[in-house]
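Just upload-v2.cif here, mmCIF, N, CA and C atoms:
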data_my_file
#
loop_
_atom_site.label_atom_id
_atom_site.label_comp_id
_atom_site.auth_asym_id
_atom_site.auth_seq_id
_atom_site.Cartn_x
_atom_site.Cartn_y
_atom_site.Cartn_z
N MET M 1 -13.76 -2.88 14.93
CA MET M 1 -12.93 -1.97 14.17
C MET M 1 -13.00 -2.29 12.68
N LYS M 2 -12.98 -3.60 12.35
CA LYS M 2 -13.03 -4.02 10.95
C LYS M 2 -14.31 -3.54 10.29
N LYS M 3 -15.43 -3.62 11.02
CA LYS M 3 -16.72 -3.18 10.46
C LYS M 3 -16.73 -1.66 10.24
N ILE M 4 -16.08 -0.92 11.13
CA ILE M 4 -16.01 0.53 10.98
C ILE M 4 -15.21 0.89 9.73
N ILE M 5 -14.07 0.24 9.55
CA ILE M 5 -13.23 0.52 8.37
C ILE M 5 -13.97 0.13 7.10
N PHE M 6 -14.63 -1.03 7.13
CA PHE M 6 -15.40 -1.49 5.97
C PHE M 6 -16.49 -0.46 5.63
N SER M 7 -17.19 0.03 6.67
CA SER M 7 -18.24 1.04 6.45
C SER M 7 -17.66 2.31 5.84
N LEU M 8 -16.48 2.72 6.32
CA LEU M 8 -15.84 3.92 5.76
C LEU M 8 -15.47 3.72 4.30
N VAL M 9 -15.01 2.52 3.93
CA VAL M 9 -14.69 2.23 2.53
C VAL M 9 -15.95 2.36 1.68
N ILE M 10 -17.06 1.78 2.14
CA ILE M 10 -18.32 1.84 1.39
C ILE M 10 -18.79 3.28 1.25
N ILE M 11 -18.76 4.05 2.32
CA ILE M 11 -19.19 5.45 2.27
C ILE M 11 -18.30 6.24 1.32
N SER M 12 -16.99 6.00 1.38
CA SER M 12 -16.06 6.71 0.48
C SER M 12 -16.36 6.40 -0.98
N LEU M 13 -16.61 5.12 -1.29
CA LEU M 13 -16.95 4.76 -2.67
C LEU M 13 -18.24 5.43 -3.12
N ALA M 14 -19.22 5.49 -2.23
CA ALA M 14 -20.49 6.15 -2.58
C ALA M 14 -20.26 7.64 -2.84
N LEU M 15 -19.45 8.29 -2.01
CA LEU M 15 -19.17 9.70 -2.21
C LEU M 15 -18.39 9.94 -3.49
N LEU M 16 -17.41 9.09 -3.78
CA LEU M 16 -16.69 9.19 -5.04
C LEU M 16 -17.63 9.02 -6.22
N SER M 17 -18.56 8.11 -6.09
CA SER M 17 -19.53 7.85 -7.14
C SER M 17 -20.36 9.11 -7.40
N PHE M 18 -20.85 9.73 -6.33
CA PHE M 18 -21.67 10.92 -6.47
C PHE M 18 -20.85 12.09 -7.01
N ALA M 19 -19.61 12.22 -6.56
CA ALA M 19 -18.78 13.35 -6.96
C ALA M 19 -18.41 13.32 -8.43
N SER M 20 -18.54 12.18 -9.08
CA SER M 20 -18.12 12.07 -10.47
C SER M 20 -19.17 12.60 -11.46
N PHE M 21 -20.34 12.96 -10.98
CA PHE M 21 -21.39 13.48 -11.86
C PHE M 21 -21.28 15.00 -11.99
N SER M 22 -21.62 15.52 -13.16
CA SER M 22 -21.69 16.97 -13.34
C SER M 22 -22.94 17.47 -12.62
N PRO M 23 -23.07 18.78 -12.35
CA PRO M 23 -24.27 19.30 -11.68
C PRO M 23 -25.57 18.95 -12.41
N GLU M 24 -25.54 18.93 -13.73
CA GLU M 24 -26.74 18.59 -14.49
C GLU M 24 -27.14 17.13 -14.26
N GLU M 25 -26.15 16.26 -14.22
CA GLU M 25 -26.42 14.83 -14.04
C GLU M 25 -26.91 14.52 -12.63
N LYS M 26 -26.50 15.31 -11.65
CA LYS M 26 -26.90 15.07 -10.27
C LYS M 26 -28.42 15.22 -10.11
N LYS M 27 -29.05 16.02 -10.95
CA LYS M 27 -30.49 16.21 -10.89
C LYS M 27 -31.23 14.93 -11.21
N GLU M 28 -30.62 14.04 -11.98
CA GLU M 28 -31.27 12.81 -12.41
C GLU M 28 -30.59 11.60 -11.78
N TRP M 29 -30.12 11.73 -10.57
CA TRP M 29 -29.41 10.67 -9.87
C TRP M 29 -30.27 9.42 -9.78
N GLN M 30 -29.72 8.31 -10.24
CA GLN M 30 -30.39 7.02 -10.13
C GLN M 30 -29.44 6.04 -9.49
N MET M 31 -29.97 5.28 -8.57
CA MET M 31 -29.16 4.28 -7.87
C MET M 31 -29.44 2.90 -8.44
N LYS M 32 -28.45 2.04 -8.35
CA LYS M 32 -28.56 0.67 -8.82
C LYS M 32 -27.83 -0.23 -7.84
N GLN M 33 -28.35 -1.44 -7.65
CA GLN M 33 -27.67 -2.38 -6.77
C GLN M 33 -26.56 -3.12 -7.51
N TYR M 34 -25.40 -3.12 -6.89
CA TYR M 34 -24.25 -3.88 -7.33
C TYR M 34 -23.88 -4.80 -6.16
N PHE M 35 -22.82 -5.57 -6.33
CA PHE M 35 -22.33 -6.39 -5.22
C PHE M 35 -20.86 -6.06 -4.99
N PHE M 36 -20.57 -5.66 -3.76
CA PHE M 36 -19.23 -5.29 -3.33
C PHE M 36 -18.56 -6.53 -2.75
N VAL M 37 -17.43 -6.90 -3.31
CA VAL M 37 -16.71 -8.09 -2.87
C VAL M 37 -15.37 -7.67 -2.27
N MET M 38 -15.17 -8.05 -1.03
CA MET M 38 -13.89 -7.81 -0.37
C MET M 38 -13.09 -9.10 -0.44
N LEU M 39 -11.97 -9.07 -1.14
CA LEU M 39 -11.07 -10.22 -1.20
C LEU M 39 -10.08 -10.11 -0.05
N MET M 40 -9.92 -11.20 0.68
CA MET M 40 -9.05 -11.20 1.85
C MET M 40 -8.09 -12.38 1.78
N LYS M 41 -7.04 -12.30 2.58
CA LYS M 41 -6.11 -13.42 2.68
C LYS M 41 -6.88 -14.66 3.12
N GLY M 42 -6.65 -15.77 2.42
CA GLY M 42 -7.27 -17.02 2.79
C GLY M 42 -6.45 -17.76 3.83
N ASP M 43 -6.96 -18.89 4.25
CA ASP M 43 -6.30 -19.68 5.29
C ASP M 43 -5.16 -20.55 4.75
N ASN M 44 -5.06 -20.69 3.43
CA ASN M 44 -4.02 -21.53 2.82
C ASN M 44 -3.14 -20.68 1.93
N ARG M 45 -2.10 -20.08 2.49
CA ARG M 45 -1.22 -19.19 1.73
C ARG M 45 0.22 -19.71 1.69
N MET M 46 0.38 -21.00 1.87
CA MET M 46 1.73 -21.57 1.96
C MET M 46 2.16 -22.25 0.66
N GLN M 47 1.62 -21.84 -0.47
CA GLN M 47 2.00 -22.44 -1.75
C GLN M 47 3.42 -22.02 -2.14
N ASP M 48 4.07 -22.87 -2.92
CA ASP M 48 5.39 -22.50 -3.45
C ASP M 48 5.21 -21.43 -4.53
N SER M 49 6.31 -20.82 -4.95
CA SER M 49 6.23 -19.69 -5.89
C SER M 49 5.64 -20.09 -7.24
N THR M 50 5.91 -21.30 -7.71
CA THR M 50 5.35 -21.76 -8.98
C THR M 50 3.83 -21.87 -8.89
N THR M 51 3.36 -22.47 -7.81
CA THR M 51 1.91 -22.62 -7.60
C THR M 51 1.26 -21.25 -7.42
N THR M 52 1.91 -20.38 -6.66
CA THR M 52 1.38 -19.04 -6.44
C THR M 52 1.24 -18.30 -7.77
N SER M 53 2.23 -18.41 -8.63
CA SER M 53 2.17 -17.76 -9.95
C SER M 53 1.01 -18.30 -10.78
N LYS M 54 0.81 -19.60 -10.75
CA LYS M 54 -0.30 -20.20 -11.49
C LYS M 54 -1.65 -19.75 -10.93
N LEU M 55 -1.76 -19.70 -9.60
CA LEU M 55 -3.01 -19.24 -8.98
C LEU M 55 -3.29 -17.78 -9.33
N GLN M 56 -2.24 -16.96 -9.32
CA GLN M 56 -2.42 -15.54 -9.67
C GLN M 56 -2.85 -15.39 -11.13
N ALA M 57 -2.25 -16.18 -12.01
CA ALA M 57 -2.63 -16.11 -13.44
C ALA M 57 -4.09 -16.52 -13.60
N GLY M 58 -4.50 -17.57 -12.90
CA GLY M 58 -5.90 -17.99 -12.96
C GLY M 58 -6.83 -16.97 -12.35
N HIS M 59 -6.41 -16.34 -11.28
CA HIS M 59 -7.19 -15.27 -10.62
C HIS M 59 -7.42 -14.12 -11.60
N MET M 60 -6.35 -13.70 -12.28
CA MET M 60 -6.47 -12.60 -13.24
C MET M 60 -7.32 -13.01 -14.45
N ALA M 61 -7.20 -14.25 -14.89
CA ALA M 61 -8.03 -14.73 -16.01
C ALA M 61 -9.51 -14.71 -15.63
N ASN M 62 -9.82 -15.07 -14.40
CA ASN M 62 -11.21 -15.04 -13.94
C ASN M 62 -11.74 -13.61 -13.90
N ILE M 63 -10.92 -12.68 -13.40
CA ILE M 63 -11.31 -11.28 -13.36
C ILE M 63 -11.53 -10.75 -14.79
N GLU M 64 -10.62 -11.07 -15.68
CA GLU M 64 -10.74 -10.61 -17.07
C GLU M 64 -11.99 -11.18 -17.73
N GLN M 65 -12.32 -12.42 -17.45
CA GLN M 65 -13.51 -13.04 -18.03
C GLN M 65 -14.78 -12.36 -17.50
N MET M 66 -14.83 -12.08 -16.19
CA MET M 66 -16.00 -11.40 -15.63
C MET M 66 -16.16 -10.01 -16.25
N GLU M 67 -15.05 -9.32 -16.47
CA GLU M 67 -15.12 -8.00 -17.10
C GLU M 67 -15.59 -8.12 -18.54
N LYS M 68 -15.05 -9.08 -19.26
CA LYS M 68 -15.45 -9.30 -20.66
C LYS M 68 -16.94 -9.63 -20.77
N ASP M 69 -17.45 -10.38 -19.80
CA ASP M 69 -18.86 -10.78 -19.79
C ASP M 69 -19.78 -9.68 -19.26
N GLY M 70 -19.22 -8.52 -18.89
CA GLY M 70 -20.04 -7.42 -18.40
C GLY M 70 -20.51 -7.60 -16.97
N LYS M 71 -19.86 -8.47 -16.22
CA LYS M 71 -20.27 -8.76 -14.84
C LYS M 71 -19.46 -7.98 -13.81
N LEU M 72 -18.38 -7.36 -14.24
CA LEU M 72 -17.47 -6.69 -13.33
C LEU M 72 -17.33 -5.22 -13.72
N CYS M 73 -17.55 -4.34 -12.76
CA CYS M 73 -17.44 -2.90 -13.00
C CYS M 73 -16.09 -2.33 -12.58
N LEU M 74 -15.56 -2.87 -11.50
CA LEU M 74 -14.34 -2.31 -10.92
C LEU M 74 -13.62 -3.41 -10.17
N ALA M 75 -12.31 -3.44 -10.28
CA ALA M 75 -11.51 -4.42 -9.55
C ALA M 75 -10.13 -3.85 -9.30
N GLY M 76 -9.54 -4.24 -8.20
CA GLY M 76 -8.17 -3.82 -7.95
C GLY M 76 -7.67 -4.26 -6.60
N PRO M 77 -6.34 -4.37 -6.49
CA PRO M 77 -5.72 -4.78 -5.24
C PRO M 77 -5.46 -3.59 -4.32
N PHE M 78 -5.25 -3.89 -3.05
CA PHE M 78 -4.80 -2.87 -2.11
C PHE M 78 -3.28 -2.77 -2.21
N GLY M 79 -2.73 -1.63 -1.83
CA GLY M 79 -1.31 -1.37 -2.00
C GLY M 79 -0.46 -1.68 -0.79
N ASP M 80 -1.00 -2.43 0.16
CA ASP M 80 -0.21 -2.81 1.32
C ASP M 80 -0.28 -4.33 1.49
N ASP M 81 0.27 -4.83 2.55
CA ASP M 81 0.27 -6.28 2.77
C ASP M 81 -0.69 -6.65 3.89
N GLY M 82 -1.81 -5.95 3.98
CA GLY M 82 -2.79 -6.25 5.02
C GLY M 82 -3.63 -7.47 4.68
N ASN M 83 -4.59 -7.74 5.53
CA ASN M 83 -5.50 -8.88 5.33
C ASN M 83 -6.39 -8.67 4.11
N TRP M 84 -6.77 -7.43 3.87
CA TRP M 84 -7.59 -7.14 2.69
C TRP M 84 -6.68 -7.13 1.47
N ARG M 85 -7.02 -7.93 0.47
CA ARG M 85 -6.16 -8.06 -0.70
C ARG M 85 -6.67 -7.27 -1.90
N GLY M 86 -8.00 -7.10 -2.03
CA GLY M 86 -8.54 -6.35 -3.15
C GLY M 86 -10.04 -6.26 -3.07
N ILE M 87 -10.61 -5.52 -4.03
CA ILE M 87 -12.07 -5.39 -4.09
C ILE M 87 -12.54 -5.65 -5.52
N LEU M 88 -13.78 -6.06 -5.60
CA LEU M 88 -14.50 -6.19 -6.87
C LEU M 88 -15.85 -5.53 -6.68
N ILE M 89 -16.32 -4.82 -7.67
CA ILE M 89 -17.70 -4.36 -7.67
C ILE M 89 -18.34 -5.01 -8.89
N MET M 90 -19.34 -5.84 -8.59
CA MET M 90 -19.94 -6.69 -9.62
C MET M 90 -21.33 -6.21 -10.00
N ASP M 91 -21.63 -6.31 -11.28
CA ASP M 91 -22.93 -5.95 -11.83
C ASP M 91 -23.65 -7.24 -12.21
N VAL M 92 -24.24 -7.88 -11.21
CA VAL M 92 -24.98 -9.12 -11.41
C VAL M 92 -26.33 -8.99 -10.72
N LYS M 93 -27.25 -9.90 -11.04
CA LYS M 93 -28.61 -9.80 -10.52
C LYS M 93 -28.75 -10.25 -9.07
N THR M 94 -27.97 -11.25 -8.66
CA THR M 94 -28.14 -11.81 -7.32
C THR M 94 -26.80 -12.07 -6.65
N ILE M 95 -26.82 -12.18 -5.35
CA ILE M 95 -25.62 -12.52 -4.61
C ILE M 95 -25.16 -13.93 -4.96
N GLU M 96 -26.12 -14.80 -5.27
CA GLU M 96 -25.77 -16.17 -5.67
C GLU M 96 -24.97 -16.17 -6.97
N GLU M 97 -25.35 -15.31 -7.91
CA GLU M 97 -24.60 -15.22 -9.17
C GLU M 97 -23.19 -14.71 -8.90
N ALA M 98 -23.06 -13.73 -8.02
CA ALA M 98 -21.74 -13.22 -7.67
C ALA M 98 -20.90 -14.33 -7.05
N LYS M 99 -21.47 -15.09 -6.13
CA LYS M 99 -20.73 -16.19 -5.50
C LYS M 99 -20.29 -17.22 -6.53
N THR M 100 -21.17 -17.57 -7.45
CA THR M 100 -20.83 -18.56 -8.48
C THR M 100 -19.64 -18.10 -9.31
N LEU M 101 -19.62 -16.83 -9.68
CA LEU M 101 -18.52 -16.30 -10.49
C LEU M 101 -17.21 -16.24 -9.70
N ILE M 102 -17.29 -15.81 -8.46
CA ILE M 102 -16.09 -15.69 -7.63
C ILE M 102 -15.53 -17.07 -7.28
N ASP M 103 -16.43 -18.02 -7.06
CA ASP M 103 -15.99 -19.37 -6.70
C ASP M 103 -15.25 -20.08 -7.84
N LYS M 104 -15.29 -19.54 -9.05
CA LYS M 104 -14.52 -20.09 -10.17
C LYS M 104 -13.05 -19.71 -10.09
N ASP M 105 -12.73 -18.74 -9.27
CA ASP M 105 -11.36 -18.23 -9.14
C ASP M 105 -10.46 -19.29 -8.52
N PRO M 106 -9.38 -19.68 -9.20
CA PRO M 106 -8.48 -20.69 -8.65
C PRO M 106 -7.88 -20.31 -7.30
N ALA M 107 -7.64 -19.03 -7.05
CA ALA M 107 -7.09 -18.60 -5.76
C ALA M 107 -8.11 -18.79 -4.64
N ILE M 108 -9.38 -18.64 -4.95
CA ILE M 108 -10.45 -18.92 -3.98
C ILE M 108 -10.52 -20.42 -3.75
N GLN M 109 -10.53 -21.18 -4.83
CA GLN M 109 -10.62 -22.64 -4.73
C GLN M 109 -9.47 -23.23 -3.92
N ALA M 110 -8.28 -22.65 -4.04
CA ALA M 110 -7.09 -23.15 -3.34
C ALA M 110 -7.03 -22.65 -1.89
N GLY M 111 -7.91 -21.72 -1.53
CA GLY M 111 -7.88 -21.17 -0.19
C GLY M 111 -6.85 -20.06 0.01
N ARG M 112 -6.20 -19.62 -1.07
CA ARG M 112 -5.24 -18.52 -0.97
C ARG M 112 -5.98 -17.21 -0.70
N LEU M 113 -7.18 -17.09 -1.26
CA LEU M 113 -8.05 -15.94 -1.01
C LEU M 113 -9.38 -16.43 -0.48
N LYS M 114 -10.04 -15.57 0.27
CA LYS M 114 -11.43 -15.78 0.66
C LYS M 114 -12.13 -14.45 0.44
N TYR M 115 -13.44 -14.41 0.65
CA TYR M 115 -14.15 -13.19 0.32
C TYR M 115 -15.40 -13.00 1.18
N GLU M 116 -15.85 -11.75 1.18
CA GLU M 116 -17.15 -11.37 1.71
C GLU M 116 -17.86 -10.62 0.59
N ILE M 117 -19.17 -10.81 0.49
CA ILE M 117 -19.98 -10.09 -0.51
C ILE M 117 -21.07 -9.32 0.22
N HIS M 118 -21.27 -8.08 -0.21
CA HIS M 118 -22.32 -7.25 0.36
C HIS M 118 -23.06 -6.52 -0.76
N PRO M 119 -24.39 -6.46 -0.70
CA PRO M 119 -25.11 -5.62 -1.67
C PRO M 119 -24.64 -4.17 -1.48
N TRP M 120 -24.45 -3.48 -2.58
CA TRP M 120 -23.97 -2.10 -2.53
C TRP M 120 -24.71 -1.30 -3.59
N TRP M 121 -25.12 -0.09 -3.23
CA TRP M 121 -25.85 0.77 -4.16
C TRP M 121 -24.94 1.88 -4.63
N GLY M 122 -24.87 2.04 -5.94
CA GLY M 122 -24.05 3.07 -6.54
C GLY M 122 -24.84 3.83 -7.60
N GLY M 123 -24.37 5.00 -7.96
CA GLY M 123 -25.03 5.79 -8.97
C GLY M 123 -24.83 5.21 -10.35
N VAL M 124 -25.93 5.11 -11.10
CA VAL M 124 -25.85 4.61 -12.47
C VAL M 124 -24.99 5.56 -13.30
N GLY M 125 -24.00 5.01 -13.98
CA GLY M 125 -23.12 5.83 -14.82
C GLY M 125 -21.99 6.49 -14.07
N SER M 126 -21.88 6.25 -12.78
CA SER M 126 -20.78 6.88 -12.03
C SER M 126 -19.46 6.22 -12.40
N LYS M 127 -18.38 6.95 -12.15
CA LYS M 127 -17.06 6.44 -12.51
C LYS M 127 -16.02 7.10 -11.63
N LEU M 128 -14.88 6.47 -11.54
CA LEU M 128 -13.76 7.06 -10.82
C LEU M 128 -13.00 7.97 -11.77
N LYS M 129 -12.44 9.01 -11.25
CA LYS M 129 -11.65 9.93 -12.08
C LYS M 129 -10.22 9.88 -11.67
#

Rewrite the coordinates I just gave you, this time as C-alpha cells.
Amino acid sequence: MKKIIFSLVIISLALLSFASFSPEEKKEWQMKQYFFVMLMKGDNRMQDSTTTSKLQAGHMANIEQMEKDGKLCLAGPFGDDGNWRGILIMDVKTIEEAKTLIDKDPAIQAGRLKYEIHPWWGGVGSKLK
C-alpha cells in the first residue's frame, strides 16, 4: 500500500509539473533528473521539547542552506500527523550528494527523522502554481 501511495505522489507531482507549462512551452518539454526525498518519522522521537525545538531549528537551517546553495528546488511538510513528515526535491548530480546534504540535518542525525531518496524526473522550468 505504501508503494502505491508513493507512486501516486510521484505521478501527481509529474502531472503538476507538466500542467504548469503554457501550450507553447509544452512543445519544448525537457526532462531533468532530480532527487525526491521522503522525510519520515525516525525511530528516536522521544526528545524533550527543548531538544525538539533545537533539532527543528537545525533542520530548518539545513533546508535553508541547501536552498541558498541552489541544491533544493522544493521542500515542505505534510499537514497531518502521519509517518510521512515532508518532502524535498533536490537538484544535485548524484544520490550520494543528496545523502551527504541530508545527513547534515540534526533531526536526521538524532534519529528524529529518517528518509528515502529516489531519482525523479521533472520538467525543466516547471513550477507549482

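Here the PyMOL selection byres ((chain M and resi 35) around 5) matches the residues Gln33, Tyr34, Phe36, Val37, Ile89, Met90, His118, Pro119 and Trp120 of chain M.
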
Would you kindly return, as a PyMOL selection string, each protein, DNA or RNA residue with an atom no farther than 9 Å from any atom of stretch 65-80 of chain M, considering only C-alpha atoms and excluding same-chain residues fewer than 6 positions away?
chain M and resi 34+39+86-92+98+101

Answer key for the PyMOL selection byres ((chain M and resi 124-126) around 5), residues as a list of chain:residue names
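On the file shown, the PyMOL selection byres ((chain M and resi 124-126) around 5) covers M:Gln30, M:Met31, M:Lys32, M:Gly122, M:Gly123, M:Lys127, M:Leu128.
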
Residue members of the PyMOL selection byres (((chain M and resi 102-110 and name CA) around 8) and name CA) in the file shown, as a ChimeraX atom specification
/M:42,44,55-56,58-59,62,98-101,111-114

Could you check how far atom C of M:Lys41 sits from atom N of M:Asp81, in Å to one decimal?
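Distance reported for this atom pair: 12.2 Å.
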